[in-house]
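A.B. asks: To be precise about what I am sending: the file is called target.csv and holds CSV, C-alpha atoms.
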chain,number,residue,atom,x,y,z
A,1,MET,CA,0.0,0.0,0.0
A,2,GLU,CA,1.4,3.4,-1.0
A,3,ALA,CA,2.7,5.9,1.6
A,4,THR,CA,0.3,8.7,2.8
A,5,GLY,CA,0.7,12.1,4.3
A,6,LEU,CA,-0.7,10.9,7.6
A,7,PRO,CA,1.4,9.8,10.6
A,8,GLU,CA,0.5,6.1,10.9
A,9,ALA,CA,2.2,5.7,14.3
A,10,LYS,CA,0.3,8.7,15.7
A,11,LEU,CA,-3.0,7.3,14.4
A,12,ASP,CA,-2.3,4.0,16.1
A,13,LYS,CA,-1.7,5.8,19.4
A,14,VAL,CA,-5.1,7.6,19.1
A,15,ILE,CA,-6.9,4.3,18.5
A,16,GLU,CA,-5.0,2.6,21.3
A,17,ARG,CA,-6.0,5.5,23.7
A,18,TYR,CA,-9.7,5.2,22.5
A,19,GLU,CA,-9.7,1.5,23.3
A,20,ILE,CA,-8.2,2.0,26.7
A,21,LEU,CA,-10.9,4.7,27.5
A,22,GLN,CA,-13.6,2.3,26.3
A,23,ALA,CA,-12.3,-0.5,28.6
A,24,GLN,CA,-12.0,1.8,31.6
A,25,MET,CA,-15.5,3.2,31.2
A,26,SER,CA,-16.9,-0.3,30.7
A,27,ALA,CA,-15.1,-1.6,33.8
A,28,GLY,CA,-16.7,1.1,36.0
A,29,GLY,CA,-15.6,1.6,39.6
A,30,GLN,CA,-14.5,5.2,39.1
A,31,ASP,CA,-15.7,8.2,41.2
A,32,ALA,CA,-18.1,10.6,39.4
A,33,GLY,CA,-15.3,13.1,38.6
A,34,THR,CA,-13.0,10.5,37.0
A,35,PHE,CA,-15.9,9.1,34.9
A,36,VAL,CA,-16.8,12.6,33.7
A,37,ARG,CA,-13.2,13.2,32.7
A,38,LEU,CA,-12.9,9.9,30.9
A,39,SER,CA,-16.3,10.4,29.1
A,40,LYS,CA,-15.2,13.9,28.0
A,41,GLU,CA,-11.9,12.6,26.5
A,42,TYR,CA,-13.7,9.7,24.9
A,43,ALA,CA,-16.2,12.0,23.2
A,44,GLU,CA,-13.5,14.4,22.0
A,45,ILE,CA,-11.4,11.7,20.3
A,46,GLU,CA,-14.3,9.5,19.0
A,47,PRO,CA,-14.8,11.6,15.7
A,48,LEU,CA,-11.1,11.3,15.0
A,49,VAL,CA,-11.2,7.5,15.6
A,50,LYS,CA,-14.2,7.1,13.3
A,51,ALA,CA,-12.5,9.1,10.6
A,52,ILE,CA,-9.3,7.1,10.9
A,53,GLN,CA,-11.2,3.8,10.7
A,54,SER,CA,-13.2,5.0,7.6
A,55,TRP,CA,-10.0,6.2,5.9
A,56,ARG,CA,-8.1,2.9,6.6
A,57,LYS,CA,-11.1,0.8,5.4
A,58,LEU,CA,-11.2,2.8,2.1
A,59,ARG,CA,-7.5,2.3,1.6
A,60,ARG,CA,-8.0,-1.5,2.1
A,61,ASP,CA,-10.9,-1.4,-0.3
A,62,ILE,CA,-8.8,0.4,-2.9
A,63,ALA,CA,-6.0,-2.2,-2.7
A,64,GLU,CA,-8.5,-5.1,-3.0
A,65,LEU,CA,-10.3,-3.5,-6.0
A,66,ALA,CA,-6.9,-2.8,-7.7
A,67,ALA,CA,-6.0,-6.5,-7.2
A,68,MET,CA,-9.3,-7.6,-8.8
A,69,ARG,CA,-9.0,-5.2,-11.7
A,70,ASP,CA,-5.4,-6.4,-12.4
A,71,ASP,CA,-6.1,-10.1,-12.1
A,72,PRO,CA,-6.0,-11.6,-15.6
A,73,ALA,CA,-7.9,-14.7,-14.3
A,74,SER,CA,-10.9,-12.6,-13.3
A,75,ASP,CA,-14.1,-12.3,-15.3
A,76,PRO,CA,-13.9,-9.2,-17.7
A,77,GLU,CA,-17.2,-7.8,-16.3
A,78,MET,CA,-15.9,-8.2,-12.7
A,79,ARG,CA,-12.6,-6.5,-13.7
A,80,ALA,CA,-14.6,-3.6,-15.3
A,81,LEU,CA,-16.8,-3.2,-12.2
A,82,ALA,CA,-13.7,-3.3,-10.0
A,83,GLU,CA,-12.1,-0.5,-12.2
A,84,THR,CA,-15.2,1.7,-11.8
A,85,GLU,CA,-15.4,1.2,-8.0
A,86,TRP,CA,-11.6,1.7,-7.7
A,87,LYS,CA,-11.9,5.1,-9.4
A,88,GLU,CA,-14.8,6.1,-7.1
A,89,ALA,CA,-12.9,5.1,-4.0
A,90,GLN,CA,-9.7,6.9,-5.2
A,91,ALA,CA,-11.8,10.1,-5.7
A,92,ALA,CA,-13.2,9.8,-2.2
A,93,LEU,CA,-9.9,9.2,-0.5
A,94,PRO,CA,-8.4,12.8,-0.4
A,95,ASP,CA,-11.5,14.2,1.3
A,96,LEU,CA,-11.3,11.5,4.0
A,97,GLU,CA,-7.6,12.1,4.4
A,98,ARG,CA,-8.2,15.8,4.8
A,99,GLN,CA,-10.9,15.2,7.4
A,100,VAL,CA,-8.4,13.1,9.5
A,101,LYS,CA,-5.8,15.9,9.2
A,102,ILE,CA,-8.3,18.5,10.4
A,103,LEU,CA,-9.2,16.4,13.4
A,104,LEU,CA,-5.5,15.9,14.1
A,105,LEU,CA,-4.9,19.7,14.3
A,106,PRO,CA,-4.0,20.9,17.8
A,107,LYS,CA,-7.2,22.1,19.5
A,108,ASP,CA,-7.7,25.5,21.0
A,109,ALA,CA,-7.9,24.6,24.7
A,110,ASP,CA,-10.7,27.2,25.1
A,111,ASP,CA,-12.9,26.0,22.2
A,112,GLU,CA,-15.3,24.1,24.5
A,113,LYS,CA,-15.7,27.0,26.9
A,114,ASN,CA,-18.7,29.3,27.3
A,115,ALA,CA,-18.2,32.8,26.1
A,116,ILE,CA,-18.7,36.3,27.3
A,117,LEU,CA,-20.0,38.6,24.5
A,118,GLU,CA,-19.4,42.4,24.7
A,119,VAL,CA,-20.9,44.7,22.1
A,120,ARG,CA,-20.1,48.4,22.2
A,121,ALA,CA,-21.2,51.3,20.1
A,122,GLY,CA,-18.4,52.9,18.1
A,123,THR,CA,-18.3,55.9,15.8
A,124,GLY,CA,-21.6,57.1,14.6
A,125,GLY,CA,-23.6,58.4,17.6
A,126,ASP,CA,-27.1,57.2,18.0
A,127,GLU,CA,-27.0,55.1,14.8
A,128,ALA,CA,-23.9,53.3,16.2
A,129,ALA,CA,-25.8,52.5,19.4
A,130,LEU,CA,-28.8,51.2,17.4
A,131,PHE,CA,-26.5,49.0,15.3
A,132,ALA,CA,-24.9,47.7,18.5
A,133,ARG,CA,-28.4,46.7,19.7
A,134,ASP,CA,-29.0,44.9,16.3
A,135,LEU,CA,-25.7,43.0,16.6
A,136,PHE,CA,-26.5,42.0,20.2
A,137,GLU,CA,-29.9,40.7,19.0
A,138,MET,CA,-28.3,38.9,16.1
A,139,TYR,CA,-26.1,36.9,18.5
A,140,ARG,CA,-29.1,36.3,20.7
A,141,GLY,CA,-30.9,34.8,17.7
A,142,TYR,CA,-27.9,32.8,16.6
A,143,ALA,CA,-27.5,31.4,20.2
A,144,ALA,CA,-31.2,30.3,20.2
A,145,LEU,CA,-30.7,28.5,16.8
A,146,GLN,CA,-27.7,26.7,18.2
A,147,GLY,CA,-29.5,25.6,21.3
A,148,TRP,CA,-27.3,27.7,23.6
A,149,LYS,CA,-28.3,29.7,26.7
A,150,PHE,CA,-28.0,33.5,26.3
A,151,GLU,CA,-27.9,35.3,29.6
A,152,VAL,CA,-27.8,39.1,29.6
A,153,GLU,CA,-25.4,40.4,32.1
A,154,SER,CA,-25.7,44.2,31.5
A,155,ILE,CA,-27.1,46.7,29.0
A,156,ALA,CA,-26.5,50.4,28.9
A,157,GLU,CA,-29.3,51.9,26.8
A,158,THR,CA,-29.6,55.2,25.0
A,159,GLU,CA,-32.6,57.5,24.8
A,160,LEU,CA,-33.5,56.0,21.4
A,161,GLY,CA,-33.3,52.4,22.5
A,162,GLY,CA,-29.8,51.8,21.2
A,163,PHE,CA,-27.1,50.1,23.3
A,164,ARG,CA,-24.0,52.0,24.3
A,165,GLU,CA,-22.7,48.7,25.7
A,166,ALA,CA,-24.2,45.2,26.2
A,167,VAL,CA,-22.7,42.1,27.8
A,168,ALA,CA,-24.0,38.5,27.8
A,169,THR,CA,-22.8,35.1,28.8
A,170,ILE,CA,-23.4,32.4,26.2
A,171,SER,CA,-23.4,28.8,27.4
A,172,GLY,CA,-23.5,25.6,25.5
A,173,ARG,CA,-21.4,23.1,23.6
A,174,GLY,CA,-18.5,24.6,21.5
A,175,VAL,CA,-19.6,28.2,22.0
A,176,PHE,CA,-16.2,29.8,22.0
A,177,ALA,CA,-15.1,27.6,19.0
A,178,LYS,CA,-17.8,29.1,16.9
A,179,LEU,CA,-17.8,32.7,18.1
A,180,LYS,CA,-14.1,33.5,18.6
A,181,PHE,CA,-13.7,34.9,15.1
A,182,GLU,CA,-16.5,37.5,15.7
A,183,SER,CA,-14.2,39.9,17.7
A,184,GLY,CA,-13.4,43.1,15.9
A,185,VAL,CA,-15.1,46.2,14.4
A,186,HIS,CA,-18.4,45.6,12.6
A,187,ARG,CA,-19.4,48.5,10.2
A,188,VAL,CA,-22.9,49.3,9.0
A,189,GLN,CA,-24.1,51.3,6.0
A,190,ARG,CA,-27.7,52.2,6.0
A,191,VAL,CA,-30.2,55.1,6.1
A,192,PRO,CA,-31.0,55.8,9.8
A,193,ASP,CA,-34.6,56.2,10.9
A,194,THR,CA,-33.6,59.7,12.1
A,195,GLU,CA,-32.4,60.7,8.6
A,196,THR,CA,-34.9,62.9,6.8
A,197,GLN,CA,-33.1,63.3,3.5
A,198,GLY,CA,-32.5,59.5,2.8
A,199,ARG,CA,-28.7,59.7,3.1
A,200,ILE,CA,-26.7,56.6,3.8
A,201,HIS,CA,-24.7,56.8,7.0
A,202,THR,CA,-21.7,54.7,8.0
A,203,SER,CA,-21.2,53.8,11.7
A,204,ALA,CA,-19.6,51.0,13.7
A,205,ALA,CA,-19.7,48.8,16.7
A,206,THR,CA,-17.1,46.7,18.4
A,207,VAL,CA,-17.6,43.1,19.3
A,208,ALA,CA,-15.5,41.2,21.8
A,209,VAL,CA,-15.9,37.5,22.5
A,210,LEU,CA,-14.0,36.2,25.5
A,211,PRO,CA,-13.7,32.6,26.8
A,212,GLU,CA,-15.3,32.4,30.2
A,213,ALA,CA,-12.5,31.8,32.7
A,214,GLU,CA,-12.8,29.5,35.6
A,215,ASP,CA,-11.2,30.2,39.0
A,216,VAL,CA,-8.4,27.7,38.1
A,217,ASP,CA,-7.7,29.5,34.8
A,218,ILE,CA,-6.7,32.8,36.4
A,219,GLU,CA,-5.6,33.7,39.9
A,220,ILE,CA,-6.6,37.2,41.1
A,221,ASN,CA,-4.9,38.8,44.1
A,222,GLU,CA,-7.4,40.8,46.1
A,223,ALA,CA,-4.6,43.3,46.9
A,224,ASP,CA,-4.5,44.2,43.2
A,225,LEU,CA,-8.1,45.3,43.1
A,226,ARG,CA,-9.8,48.7,43.8
A,227,ILE,CA,-13.5,48.2,44.4
A,228,ASP,CA,-15.8,51.3,44.2
A,229,VAL,CA,-19.5,51.2,44.9
A,230,TYR,CA,-21.9,53.8,43.6
A,231,ARG,CA,-25.6,54.5,42.9
A,232,SER,CA,-26.7,52.9,39.6
A,233,SER,CA,-28.6,54.8,37.0
A,234,GLY,CA,-30.5,53.9,33.8
A,235,ALA,CA,-31.3,55.6,30.5
A,236,GLY,CA,-33.1,58.9,31.0
A,237,GLY,CA,-33.2,58.5,34.7
A,238,GLN,CA,-35.1,55.2,34.6
A,239,HIS,CA,-34.4,52.2,36.7
A,240,VAL,CA,-32.5,54.3,39.3
A,241,ASN,CA,-31.6,52.4,42.5
A,242,THR,CA,-31.6,54.5,45.7
A,243,THR,CA,-28.8,52.4,47.2
A,244,ASP,CA,-25.2,52.2,46.3
A,245,SER,CA,-25.5,48.7,44.7
A,246,ALA,CA,-23.4,49.3,41.5
A,247,VAL,CA,-19.9,48.0,41.6
A,248,ARG,CA,-16.8,49.1,39.7
A,249,ILE,CA,-13.6,47.0,40.0
A,250,THR,CA,-10.2,48.2,38.8
A,251,HIS,CA,-7.4,45.7,38.4
A,252,ILE,CA,-4.5,48.0,39.3
A,253,PRO,CA,-1.6,46.1,37.6
A,254,THR,CA,-3.3,46.1,34.2
A,255,GLY,CA,-5.6,49.1,34.4
A,256,ILE,CA,-8.6,46.9,33.3
A,257,VAL,CA,-11.9,48.3,34.7
A,258,VAL,CA,-15.2,46.5,34.8
A,259,ALA,CA,-18.5,47.7,36.2
A,260,GLN,CA,-21.9,46.1,36.9
A,261,GLN,CA,-25.2,47.7,38.0
A,262,THR,CA,-28.0,45.5,36.7
A,263,GLU,CA,-28.7,43.7,39.9
A,264,ARG,CA,-30.3,45.3,43.0
A,265,SER,CA,-27.8,43.5,45.2
A,266,GLN,CA,-24.3,44.9,45.6
A,267,HIS,CA,-23.1,41.3,46.2
A,268,LYS,CA,-24.5,40.0,42.9
A,269,ASN,CA,-23.1,43.0,41.0
A,270,LYS,CA,-19.7,42.3,42.4
A,271,ALA,CA,-19.9,38.6,41.5
A,272,LYS,CA,-20.8,39.5,37.9
A,273,ALA,CA,-18.1,42.1,37.7
A,274,MET,CA,-15.5,39.6,39.0
A,275,LYS,CA,-16.6,37.1,36.3
A,276,LEU,CA,-16.1,39.7,33.6
A,277,LEU,CA,-12.7,40.8,35.1
A,278,ARG,CA,-11.5,37.2,35.2
A,279,ALA,CA,-12.5,36.7,31.5
A,280,LYS,CA,-10.7,39.9,30.5
A,281,LEU,CA,-7.5,39.0,32.4
A,282,TYR,CA,-7.6,35.5,30.9
A,283,GLU,CA,-8.1,37.0,27.4
A,284,ALA,CA,-5.2,39.3,27.9
A,285,GLU,CA,-3.0,36.3,28.7
A,286,ARG,CA,-4.4,34.5,25.6
A,287,GLU,CA,-3.5,37.5,23.4
A,288,ARG,CA,0.1,37.5,24.7
A,289,THR,CA,0.5,33.8,23.8
A,290,ASP,CA,-1.4,34.2,20.5
A,291,SER,CA,0.7,37.1,19.3
A,292,ALA,CA,3.8,35.0,20.0
A,293,ARG,CA,2.3,32.1,17.9
A,294,ALA,CA,1.0,34.5,15.3
A,295,ALA,CA,4.6,35.7,14.6
A,296,GLN,CA,5.4,32.1,13.6
A,297,ARG,CA,2.2,31.7,11.5
A,298,LYS,CA,2.0,32.6,7.8
A,299,GLY,CA,-1.8,32.5,7.5
A,300,GLN,CA,-4.4,33.7,9.9
A,301,VAL,CA,-8.1,34.6,9.8
A,302,GLY,CA,-7.6,38.3,10.5
A,303,SER,CA,-5.1,39.6,13.0
A,304,GLY,CA,-7.3,39.1,16.0
A,305,ASP,CA,-6.9,42.8,16.8
A,306,ARG,CA,-10.1,44.3,18.2
A,307,SER,CA,-9.5,47.5,16.2
A,308,GLU,CA,-9.5,45.5,12.9
A,309,ARG,CA,-12.5,46.1,10.7
A,310,ILE,CA,-13.8,42.6,10.0
A,311,ARG,CA,-17.2,42.9,8.5
A,312,THR,CA,-19.5,45.4,6.7
A,313,TYR,CA,-23.3,45.2,6.7
A,314,ASN,CA,-24.7,47.2,3.7
A,315,PHE,CA,-28.5,47.5,4.1
A,316,PRO,CA,-29.3,49.3,0.8
A,317,GLN,CA,-27.5,46.6,-1.2
A,318,GLY,CA,-28.7,43.8,1.1
A,319,ARG,CA,-25.2,42.4,1.5
A,320,VAL,CA,-22.8,41.4,4.3
A,321,THR,CA,-19.1,41.2,3.5
A,322,ASP,CA,-16.5,39.6,5.7
A,323,HIS,CA,-13.2,41.3,4.7
A,324,ARG,CA,-10.9,38.7,6.2
A,325,ILE,CA,-12.0,36.0,3.7
A,326,ASN,CA,-13.6,38.2,1.0
A,327,LEU,CA,-16.9,36.5,1.5
A,328,THR,CA,-20.1,38.4,0.5
A,329,LEU,CA,-23.6,37.1,1.2
A,330,TYR,CA,-26.7,38.9,-0.3
A,331,LYS,CA,-29.0,37.9,2.6
A,332,ILE,CA,-28.6,40.6,5.2
A,333,GLU,CA,-32.0,40.0,6.8
A,334,GLN,CA,-31.2,36.3,7.4
A,335,VAL,CA,-27.8,37.2,8.8
A,336,MET,CA,-29.3,39.8,11.2
A,337,THR,CA,-31.8,37.2,12.6
A,338,GLY,CA,-28.8,34.8,13.1
A,339,GLU,CA,-30.2,32.4,10.6
A,340,ALA,CA,-27.4,32.8,7.9
A,341,LEU,CA,-24.7,33.8,10.4
A,342,ASP,CA,-23.6,30.2,10.5
A,343,GLU,CA,-22.6,30.4,6.8
A,344,ILE,CA,-20.1,33.1,7.6
A,345,ILE,CA,-18.8,31.4,10.8
A,346,GLY,CA,-18.5,28.1,8.9
A,347,ALA,CA,-16.4,29.8,6.2
A,348,LEU,CA,-14.1,31.4,8.8
A,349,ILE,CA,-13.5,28.1,10.6
A,350,ALA,CA,-12.8,26.4,7.2
A,351,GLU,CA,-10.3,29.1,6.3
A,352,ASP,CA,-8.6,28.8,9.6
A,353,GLN,CA,-8.3,25.0,9.3
A,354,ALA,CA,-7.0,25.4,5.7
A,355,SER,CA,-4.3,27.8,6.8
A,356,ARG,CA,-3.2,25.6,9.7
A,357,LEU,CA,-3.1,22.6,7.3
A,358,ALA,CA,-1.0,24.5,4.9
A,359,GLU,CA,1.5,25.2,7.7
A,360,LEU,CA,1.7,21.5,8.6
A,361,ASN,CA,2.5,20.7,5.0
A,362,ASP,CA,5.2,23.3,4.6
Let me see whether you can do it: turn the structure in this file into structure tokens.

C.D. replies:
Amino acid sequence: MEATGLPEAKLDKVIERYEILQAQMSAGGQDAGTFVRLSKEYAEIEPLVKAIQSWRKLRRDIAELAAMRDDPASDPEMRALAETEWKEAQAALPDLERQVKILLLPKDADDEKNAILEVRAGTGGDEAALFARDLFEMYRGYAALQGWKFEVESIAETELGGFREAVATISGRGVFAKLKFESGVHRVQRVPDTETQGRIHTSAATVAVLPEAEDVDIEINEADLRIDVYRSSGAGGQHVNTTDSAVRITHIPTGIVVAQQTERSQHKNKAKAMKLLRAKLYEAERERTDSARAAQRKGQVGSGDRSERIRTYNFPQGRVTDHRINLTLYKIEQVMTGEALDEIIGALIAEDQASRLAELND
């Protein structure tokens, strides 16, 4: 059988590990924590094992069909049939091999984490805040379609109902893996409701998607924190609490500031603010390691820089363009409801996989 571009010894180790996990889980006797850990690892490598098995079976089939085709003692009709099936199997082999390679790519340790979504109005005044609200609702709709839980942490509204800033926690399977390429500047081109002359305005909002950090992921020294409490306020004087329940936390070494005022309880606001601070510190550490890796990488889906303009939503033309992969969809309404957002996200993930595969082959 001819050589392939796949590391056979590594594939053998994956299957061996899969069989060990299978045996351990069948034997039982573990505590709940150990069983959960084994089950998680088993579920993570199962798709790779299935792909390896399918790929190896197809290679065996190809060898057997080639032998039938080339056997002069075989019936001519059988040899012709073997030739046809051999060609079909050969055509299917590269896709299966690529699938195995993709599943072998190093995983982002944070891919399975929940995510904290932050949407902030950028340049463009009231229209930018209205667009920030539309983006926040787009992600809410997308989360619902994915079967994820979308929990609003805080919203700072404007007089016209736009969002200066909105934060949510999104929970479910593979949330960060799907949403991590959404960070950056999103630009909108449309005629605002407030525009009397029908002129198209351009404004922007910034999206940040952070992996939700656990206590074990990031250690925070209480001595590094300055905690201020103050009276919360809402848009236009609405929802004003008469107690000092709002909390602002400053992480002195980094200068990162987070604030929460949505809860009536100071204790709950502090807990939410600490969750957001932990995520921001964890993301800062991720960015440090990512920039070191990026210096070694030839191809990336965008720079990962929050100031990078990544996407334009042009309402008059009904199109959405992702500038990192030059993808344009003429279905803006379906994107804004979250329905067609998966097409863009899927293309971004595929591009990232392709660039990482290219690096492996260099």

A.B. asks: Rounded to one decimal place, report the CA of Ile345 (chain A)-CA of Tyr42 (chain A) distance in Å.

C.D. replies: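 Going from CA of Ile345 (chain A) over to CA of Tyr42 (chain A) covers 26.4 Å.
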
A.B. asks: Measuring atom to atom with all atoms listed in the file, identify which of A:Asp12, A:Ala271, A:Ala144, A:Lys178 is nearest to Asp108 (chain A).

C.D. replies: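 Residue with the minimum atom-to-atom distance to Asp108 (chain A): A:Lys178.
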
A.B. asks: Please list as a ChimeraX atom specification every residue within 8 Å of Ala66 (chain A), counting all atoms listed in the file and excluding residues in the same chain fewer than 6 positions away.

C.D. replies: /A:82-83,86

A.B. asks: Quick one: residues within 10 Å of Phe35 (chain A), only C-alpha atoms counted, chain neighbours fewer than 5 positions away excluded, as a PyMOL selection string?

C.D. replies: chain A and resi 21+24-25+28-30+40-41

A.B. asks: Go ahead and dump the residues you just picked, C-alpha atoms, as a compact mmCIF listing (two decimals), keeping the file's coordinate frame.

C.D. replies:
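Result saved to result-v8.txt:
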# COMPACT_ATOMS: atom_id res chain seq x y z
CA LEU A 21 -10.90 4.70 27.50
CA GLN A 24 -12.00 1.80 31.60
CA MET A 25 -15.50 3.20 31.20
CA GLY A 28 -16.70 1.10 36.00
CA GLY A 29 -15.60 1.60 39.60
CA GLN A 30 -14.50 5.20 39.10
CA LYS A 40 -15.20 13.90 28.00
CA GLU A 41 -11.90 12.60 26.50

A.B. asks: Could you tell me how far CA of Pro7 (chain A) lies from CA of Gly174 (chain A), in Å and to one decimal?

C.D. replies: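 Distance between the two atoms: 27.1 Å.
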
A.B. asks: Counting all atoms listed in the file, figure out which residue out of A:Thr34, A:Thr250, A:Ser203, A:Ser39 gets nearest to Ala223 (chain A).

C.D. replies: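 Closest residue, counting all atoms listed in the file: A:Thr250.
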
A.B. asks: Considering only C-alpha atoms, state which residue in the set A:Ala279, A:Ile45, A:Ile249, A:Leu58 is at the smallest distance from Leu104 (chain A).

C.D. replies: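 Looking at the shortest contact to Leu104 (chain A), the residue is A:Ile45.
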
A.B. asks: In Å, rounded to a single decimal, give me how far CA of Lys87 (chain A) is from CA of Asp71 (chain A).

C.D. replies: 16.5 Å
